[in-house]
$ cat my_file_23.tsv   # TSV, C-alpha atoms and all ligand atoms
chain	number	residue	atom	x	y	z
A	1	MET	CA	277.98	183.39	71.14
A	2	ILE	CA	275.19	185.26	72.88
A	3	THR	CA	273.02	184.86	69.80
A	4	HIS	CA	273.85	181.19	69.72
A	5	SER	CA	272.87	180.55	73.34
A	6	ARG	CA	269.70	182.55	72.85
A	7	SER	CA	268.68	180.44	69.90
A	8	LEU	CA	269.57	177.36	71.93
A	9	SER	CA	267.20	178.41	74.72
A	10	VAL	CA	264.50	179.17	72.14
A	11	LEU	CA	265.08	175.70	70.71
A	12	ILE	CA	264.81	174.14	74.19
A	13	LEU	CA	261.63	176.12	74.81
A	14	VAL	CA	260.16	174.90	71.52
A	15	ILE	CA	261.12	171.29	72.26
A	16	THR	CA	259.72	171.55	75.79
A	17	SER	CA	256.41	172.98	74.68
A	18	LEU	CA	256.23	170.47	71.83
A	19	SER	CA	256.76	167.56	74.16
A	20	LEU	CA	254.29	169.03	76.67
A	21	GLY	CA	251.84	169.33	73.83
A	22	LEU	CA	252.50	165.76	72.80
A	23	MET	CA	252.03	164.59	76.37
A	24	ALA	CA	248.73	166.43	76.48
A	25	VAL	CA	247.68	164.76	73.22
A	26	ARG	CA	248.75	161.36	74.51
A	27	ALA	CA	246.96	161.95	77.80
A	28	GLY	CA	243.88	162.90	75.83
A	29	GLY	CA	244.31	159.82	73.68
A	30	ARG	CA	244.52	157.62	76.76
A	31	ASP	CA	241.41	159.21	78.24
A	32	THR	CA	239.17	158.23	75.37
A	33	PRO	CA	239.53	154.44	75.44
A	34	ALA	CA	239.56	154.48	79.24
A	35	ALA	CA	236.15	156.18	79.21
A	36	ASP	CA	234.88	153.71	76.59
A	37	LEU	CA	235.93	150.77	78.74
A	38	ALA	CA	234.14	152.07	81.84
A	39	PRO	CA	231.73	149.46	83.19
A	40	VAL	CA	228.22	149.90	81.80
A	41	THR	CA	225.95	151.10	84.56
A	42	GLN	CA	222.25	150.28	84.87
A	43	ALA	CA	221.39	153.83	83.79
A	44	GLN	CA	223.27	153.35	80.52
A	45	VAL	CA	221.36	150.22	79.49
A	46	GLU	CA	217.99	151.91	80.12
A	47	PRO	CA	216.52	152.37	76.63
A	48	ALA	CA	216.95	155.90	75.29
A	49	VAL	CA	213.43	156.93	74.35
A	50	ILE	CA	213.16	159.03	71.19
A	51	ALA	CA	210.93	162.06	71.74
A	52	PRO	CA	208.18	162.23	69.08
A	53	GLY	CA	209.39	165.69	68.02
A	54	ALA	CA	213.01	164.55	67.63
A	55	MET	CA	212.68	162.12	64.72
A	56	ASP	CA	214.70	162.71	61.56
A	57	ALA	CA	213.55	161.32	58.20
A	58	ALA	CA	215.52	158.06	58.50
A	59	THR	CA	214.12	157.41	61.98
A	60	THR	CA	210.56	158.17	60.86
A	61	ALA	CA	210.94	155.75	57.92
A	62	ALA	CA	212.33	153.02	60.20
A	63	VAL	CA	209.47	153.47	62.71
A	64	GLU	CA	206.96	153.24	59.84
A	65	ARG	CA	208.52	149.97	58.63
A	66	ALA	CA	208.46	148.58	62.17
A	67	GLU	CA	204.81	149.58	62.58
A	68	ALA	CA	203.86	148.01	59.24
A	69	ALA	CA	205.42	144.72	60.37
A	70	ILE	CA	203.62	144.90	63.73
A	71	ARG	CA	200.28	145.55	61.99
A	72	ALA	CA	200.87	142.66	59.58
A	73	LEU	CA	201.65	140.28	62.43
A	74	GLN	CA	198.57	141.41	64.36
A	75	VAL	CA	196.26	140.98	61.35
A	76	THR	CA	197.78	137.57	60.49
A	77	LEU	CA	197.55	136.18	64.02
A	78	VAL	CA	194.08	137.50	64.82
A	79	GLY	CA	192.93	136.31	61.38
A	80	ARG	CA	194.11	132.75	61.95
A	81	LEU	CA	192.85	132.78	65.53
A	82	THR	CA	189.35	133.90	64.49
A	83	GLU	CA	189.23	131.40	61.62
A	84	GLU	CA	190.01	128.49	63.90
A	85	TRP	CA	187.82	129.87	66.69
A	86	ASN	CA	184.80	129.85	64.37
A	87	GLN	CA	185.54	126.22	63.49
A	88	GLY	CA	185.89	124.80	66.97
A	89	GLY	CA	186.16	127.43	69.72
A	90	ALA	CA	189.08	127.92	72.11
A	91	ALA	CA	190.11	124.26	72.13
A	92	SER	CA	190.70	124.42	68.42
A	93	ALA	CA	192.15	127.95	68.32
A	94	VAL	CA	194.74	127.19	70.98
A	95	THR	CA	196.60	124.98	68.51
A	96	VAL	CA	196.93	127.98	66.13
A	97	CYS	CA	198.68	129.99	68.82
A	98	ARG	CA	200.78	127.01	69.87
A	99	ASP	CA	201.83	125.81	66.41
A	100	GLU	CA	201.61	128.90	64.20
A	101	ALA	CA	202.45	132.00	66.29
A	102	GLN	CA	206.22	131.41	66.16
A	103	PRO	CA	206.60	130.53	62.45
A	104	LEU	CA	204.14	133.29	61.42
A	105	THR	CA	206.16	135.82	63.44
A	106	ARG	CA	209.38	134.72	61.72
A	107	ARG	CA	207.73	134.91	58.30
A	108	VAL	CA	206.35	138.43	58.81
A	109	ALA	CA	209.71	139.58	60.21
A	110	ALA	CA	211.55	138.27	57.13
A	111	GLU	CA	209.01	139.81	54.74
A	112	HIS	CA	209.41	143.23	56.35
A	113	GLU	CA	213.18	142.93	56.99
A	114	VAL	CA	212.83	143.67	60.70
A	115	ALA	CA	213.33	141.82	63.96
A	116	LEU	CA	209.87	141.23	65.41
A	117	GLY	CA	208.06	139.61	68.31
A	118	ARG	CA	205.41	139.64	71.01
A	119	THR	CA	206.35	139.81	74.66
A	120	SER	CA	204.88	140.32	78.10
A	121	HIS	CA	205.73	140.81	81.78
A	122	ARG	CA	203.90	137.46	82.27
A	123	LEU	CA	204.92	135.03	79.55
A	124	ARG	CA	203.28	131.88	78.31
A	125	ASN	CA	206.15	130.88	76.02
A	126	PRO	CA	209.69	131.73	77.24
A	127	LEU	CA	210.67	132.12	73.56
A	128	ASN	CA	208.69	135.37	73.68
A	129	ALA	CA	211.09	136.95	76.20
A	130	ALA	CA	211.69	140.64	75.47
A	131	PRO	CA	214.89	141.69	73.69
A	132	ALA	CA	217.53	143.06	76.12
A	133	TRP	CA	216.74	146.71	75.36
A	134	ALA	CA	213.05	146.23	76.25
A	135	VAL	CA	213.30	144.08	79.41
A	136	SER	CA	213.30	146.87	82.00
A	137	PHE	CA	210.64	148.84	80.11
A	138	VAL	CA	208.28	145.85	79.91
A	139	GLN	CA	208.78	144.93	83.58
A	140	SER	CA	208.29	148.53	84.75
A	141	HIS	CA	204.86	148.56	83.04
A	142	ALA	CA	203.62	145.34	84.70
A	143	ALA	CA	200.91	147.21	86.61
A	144	THR	CA	199.98	149.66	83.84
A	145	ARG	CA	196.44	149.49	82.43
A	146	ALA	CA	196.27	149.02	78.66
A	147	ALA	CA	194.57	152.40	78.23
A	148	ASP	CA	197.49	154.10	79.99
A	149	ALA	CA	200.28	152.27	78.13
A	150	ALA	CA	201.79	154.61	75.54
A	151	PRO	CA	203.67	153.46	72.42
A	152	VAL	CA	207.40	154.11	72.61
A	153	ASN	CA	210.33	154.34	70.17
A	154	VAL	CA	213.87	153.68	71.37
A	155	ASP	CA	217.26	154.72	70.01
A	156	LEU	CA	219.36	151.58	69.30
A	157	GLY	CA	222.14	153.29	67.33
A	158	ASP	CA	221.83	152.18	63.71
A	159	ARG	CA	218.38	150.78	64.50
A	160	VAL	CA	215.20	151.98	66.06
A	161	GLY	CA	213.32	149.84	68.59
A	162	VAL	CA	209.53	150.09	68.66
A	163	LEU	CA	207.13	148.92	71.39
A	164	ARG	CA	203.34	148.95	70.99
A	165	PRO	CA	200.98	147.91	73.83
A	166	ILE	CA	198.60	144.93	73.49
A	167	ALA	CA	195.30	145.14	75.36
A	168	THR	CA	193.40	142.17	76.78
A	169	MET	CA	190.04	141.86	75.01
A	170	GLU	CA	187.06	139.64	75.81
A	171	MET	CA	188.13	136.87	73.41
A	172	CYS	CA	191.64	136.71	74.90
A	173	THR	CA	190.32	135.75	78.35
A	174	ALA	CA	189.34	132.28	77.06
A	175	CYS	CA	193.06	131.47	77.06
A	176	HIS	CA	194.61	134.20	79.24
A	177	GLY	CA	191.81	134.93	81.75
A	178	ASP	CA	190.82	133.48	85.11
A	179	ALA	CA	193.37	130.76	85.95
A	180	ALA	CA	190.83	128.18	87.20
A	181	ALA	CA	188.55	128.65	84.17
A	182	VAL	CA	191.45	128.36	81.70
A	183	GLU	CA	192.75	125.31	83.56
A	184	LYS	CA	189.32	123.68	83.31
A	185	SER	CA	188.92	124.19	79.58
A	186	LEU	CA	192.51	124.06	78.26
A	187	GLY	CA	194.64	122.90	81.19
A	188	THR	CA	195.88	119.67	79.62
A	189	VAL	CA	197.02	121.14	76.31
A	190	LEU	CA	198.50	124.30	77.88
A	191	ARG	CA	200.38	122.48	80.64
A	192	LYS	CA	201.96	120.12	78.13
A	193	ALA	CA	203.15	122.84	75.76
A	194	TYR	CA	203.91	125.53	78.39
A	195	PRO	CA	204.90	124.00	81.75
A	196	ASP	CA	205.91	127.47	83.05
A	197	ASP	CA	202.81	129.34	81.79
A	198	LYS	CA	202.42	132.71	83.56
A	199	ALA	CA	199.99	134.20	81.03
A	200	VAL	CA	196.71	133.63	82.88
A	201	GLY	CA	194.78	135.88	85.23
A	202	PHE	CA	194.38	138.74	82.75
A	203	ALA	CA	191.08	140.67	82.69
A	204	VAL	CA	189.57	142.80	79.91
A	205	GLY	CA	191.45	146.13	79.84
A	206	ASP	CA	194.62	144.73	81.39
A	207	LEU	CA	197.87	145.25	79.53
A	208	ARG	CA	198.54	141.77	78.12
A	209	GLY	CA	201.96	142.67	76.70
A	210	TRP	CA	203.76	144.39	73.84
A	211	MET	CA	204.52	143.97	70.17
A	212	TRP	CA	208.13	144.92	69.53
A	213	ALA	CA	210.19	145.46	66.39
A	214	GLU	CA	213.67	146.62	65.43
A	215	ALA	CA	214.21	148.30	62.07
A	216	LYS	CA	217.40	149.68	60.47
A	217	ARG	CA	217.42	153.43	59.83
B	301	LIG	C1	192.87	129.97	71.90
B	301	LIG	C2	193.76	130.40	72.95
B	301	LIG	C3	194.29	131.81	72.88
B	301	LIG	C4	193.58	132.95	72.66
B	301	LIG	C5	192.08	133.12	72.39
B	301	LIG	C6	194.54	134.03	72.77
B	301	LIG	N1	195.79	133.54	73.03
B	301	LIG	FE1	197.46	134.64	73.32
B	301	LIG	N2	198.55	132.95	73.44
B	301	LIG	C7	198.04	131.67	73.38
B	301	LIG	C8	199.14	130.73	73.30
B	301	LIG	C9	199.03	129.22	73.21
B	301	LIG	C10	200.32	131.50	73.31
B	301	LIG	C11	201.76	131.02	73.20
B	301	LIG	C12	202.17	131.19	71.73
B	301	LIG	C13	203.62	130.86	71.46
B	301	LIG	O1	203.99	129.72	71.70
B	301	LIG	O2	204.32	131.79	71.06
B	301	LIG	C14	199.90	132.89	73.41
B	301	LIG	C15	200.79	133.94	73.46
B	301	LIG	C16	200.42	135.25	73.53
B	301	LIG	C17	201.35	136.37	73.62
B	301	LIG	C18	202.88	136.29	73.60
B	301	LIG	C19	203.51	136.42	74.93
B	301	LIG	C20	203.51	135.15	75.77
B	301	LIG	O3	202.88	135.19	76.83
B	301	LIG	O4	204.14	134.14	75.38
B	301	LIG	C21	200.62	137.50	73.65
B	301	LIG	C22	201.13	138.92	73.76
B	301	LIG	C23	199.22	137.10	73.58
B	301	LIG	N3	199.15	135.73	73.51
B	301	LIG	C24	198.18	137.97	73.56
B	301	LIG	C25	196.87	137.60	73.28
B	301	LIG	C26	195.79	138.53	73.06
B	301	LIG	C27	195.90	140.04	73.15
B	301	LIG	C28	194.68	137.80	72.77
B	301	LIG	C29	193.31	138.28	72.40
B	301	LIG	C30	193.21	139.08	71.20
B	301	LIG	C31	195.07	136.40	72.82
B	301	LIG	N4	196.40	136.32	73.12
B	301	LIG	C32	194.20	135.36	72.62
B	301	LIG	C33	196.73	131.32	73.37
B	301	LIG	C34	195.68	132.18	73.10

$ encode --input "my_file_23.tsv" --output "structure tokens"
Amino acid sequence: MITHSRSLSVLILVITSLSLGLMAVRAGGRDTPAADLAPVTQAQVEPAVIAPGAMDAATTAAVERAEAAIRALQVTLVGRLTEEWNQGGAASAVTVCRDEAQPLTRRVAAEHEVALGRTSHRLRNPLNAAPAWAVSFVQSHAATRAADAAPVNVDLGDRVGVLRPIATMEMCTACHGDAAAVEKSLGTVLRKAYPDDKAVGFAVGDLRGWMWAEAKR
């Protein structure tokens, strides 16, 4: 009888601790989704910059693919721009940027299997708005000189995001420089294509904007 009641209390103890354990597990289980569903704060959507020393092989390969696409786009656009410029100056070259920049960007992106674009804190074409992960970065560098703008790589989970600064050079000011001068030479064509043009007033050495790319790693 004594033995029996002892084993009964042992059994109760085991059941109690088991159910306590289960409760702890369930509490833990509840905690996880609750934390996942917490509202995303501003700090959490800030891009997580990858330190240059902290790149594994897959990340390095993805950054290299992104950079290759960015270089290809730069060479293609500047090539077409220069070609047209030599034919008929800014008035002729402006149609290259207007009619070819978007399709050329899509073509280079597809060829390199990346997402790709050009953006700026002061846009000419709203289609060139920065991707969500780059918005705050681009805006926070609005007053940065081109020489001080450093390239950056961002952790996007299964992808890497890459931003490379674009400097304003002498040739660019024909279409992005002094507002009155640009208005005088190209006002009609620019106003028609870009009624909300903010991409004037840049001087040589100013940060004109950024090339960006996303590549899978
Ligand atoms: C002949 C006129 C012309 C010249 C020269 C020119 N651009 Fe542009 N630029 C444009 C036009 C037009 C667009 C809008 C293209 C589009 O619709 O995507 C543009 C768009 C851009 C954009 C995309 C962001 C935005 O504002 O929409 C960047 C970045 C840019 N130009 C940088 C430069 C740089 C750097 C140079 C000099 C190497 C340069 N441009 C020279 C006409 C020009």

$ closest_residue --input "my_file_23.tsv" --among "A:Leu207, A:Met55, A:Ala181, A:Leu186" --to "Gln139 of chain A" --atoms "only C-alpha atoms"
A:Leu207

$ residues_near_ligand --input "my_file_23.tsv" --ligand "ligand LIG 301 (chain B)" --cutoff "7 Å" --atoms "all atoms listed in the file" --output "PyMOL selection string"
chain A and resi 78+81+90-95+97-99+101-102+118-120+122-128+166-169+171-176+190+199+208-210

$ atom_distance --input "my_file_23.tsv" --atom1 "atom CA of Gly201 of chain A" --atom2 "atom CA of Val75 of chain A"
24.5 Å

$ residues_near_point --input "my_file_23.tsv" --point "(213.0, 147.5, 70.0)" --cutoff "6 Å" --atoms "all atoms listed in the file" --output "list in words"
Gly161, Val162, Trp212, Ala213 and Glu214 of chain A

$ write_last_selection --input "my_file_23.tsv" --atoms "C-alpha atoms" --output "mmCIF file, in the frame of the given file"
data_model
loop_
_atom_site.group_PDB
_atom_site.id
_atom_site.type_symbol
_atom_site.label_atom_id
_atom_site.label_comp_id
_atom_site.auth_asym_id
_atom_site.auth_seq_id
_atom_site.Cartn_x
_atom_site.Cartn_y
_atom_site.Cartn_z
ATOM 1 C CA GLY A 161 213.320 149.840 68.590
ATOM 2 C CA VAL A 162 209.530 150.090 68.660
ATOM 3 C CA TRP A 212 208.130 144.920 69.530
ATOM 4 C CA ALA A 213 210.190 145.460 66.390
ATOM 5 C CA GLU A 214 213.670 146.620 65.430
#

$ atom_distance --input "my_file_23.tsv" --atom1 "atom CA of Gly117 of chain A" --atom2 "atom CA of Ala129 of chain A"
8.9 Å

$ residues_around --input "my_file_23.tsv" --residues "Arg159 of chain A" --least-positions-apart "5" --cutoff "6 Å" --atoms "only C-alpha atoms" --output "number ranges by chain"
A: 215-217

$ residues_near_point --input "my_file_23.tsv" --point "(215.6, 144.5, 77.7)" --cutoff "12 Å" --atoms "all atoms listed in the file" --output "count of residues only"
25

$ residues_around --input "my_file_23.tsv" --residues "Arg71 of chain A" --least-positions-apart "5" --cutoff "10 Å" --atoms "all atoms listed in the file" --output "ChimeraX atom specification"
/A:65-66,76-77,108,211

$ write_last_selection --input "my_file_23.tsv" --atoms "C-alpha atoms" --output "mmCIF file, keeping the file's coordinate frame"
data_model
loop_
_atom_site.group_PDB
_atom_site.id
_atom_site.type_symbol
_atom_site.label_atom_id
_atom_site.label_comp_id
_atom_site.auth_asym_id
_atom_site.auth_seq_id
_atom_site.Cartn_x
_atom_site.Cartn_y
_atom_site.Cartn_z
ATOM 1 C CA ARG A 65 208.520 149.970 58.630
ATOM 2 C CA ALA A 66 208.460 148.580 62.170
ATOM 3 C CA THR A 76 197.780 137.570 60.490
ATOM 4 C CA LEU A 77 197.550 136.180 64.020
ATOM 5 C CA VAL A 108 206.350 138.430 58.810
ATOM 6 C CA MET A 211 204.520 143.970 70.170
#

$ closest_residue --input "my_file_23.tsv" --among "A:Pro165, A:Pro52, A:Gly89, A:Pro103" --to "Ile70 of chain A" --atoms "all atoms listed in the file"
A:Pro165

$ atom_distance --input "my_file_23.tsv" --atom1 "atom CA of Val200 of chain A" --atom2 "atom CA of Asp178 of chain A"
6.3 Å
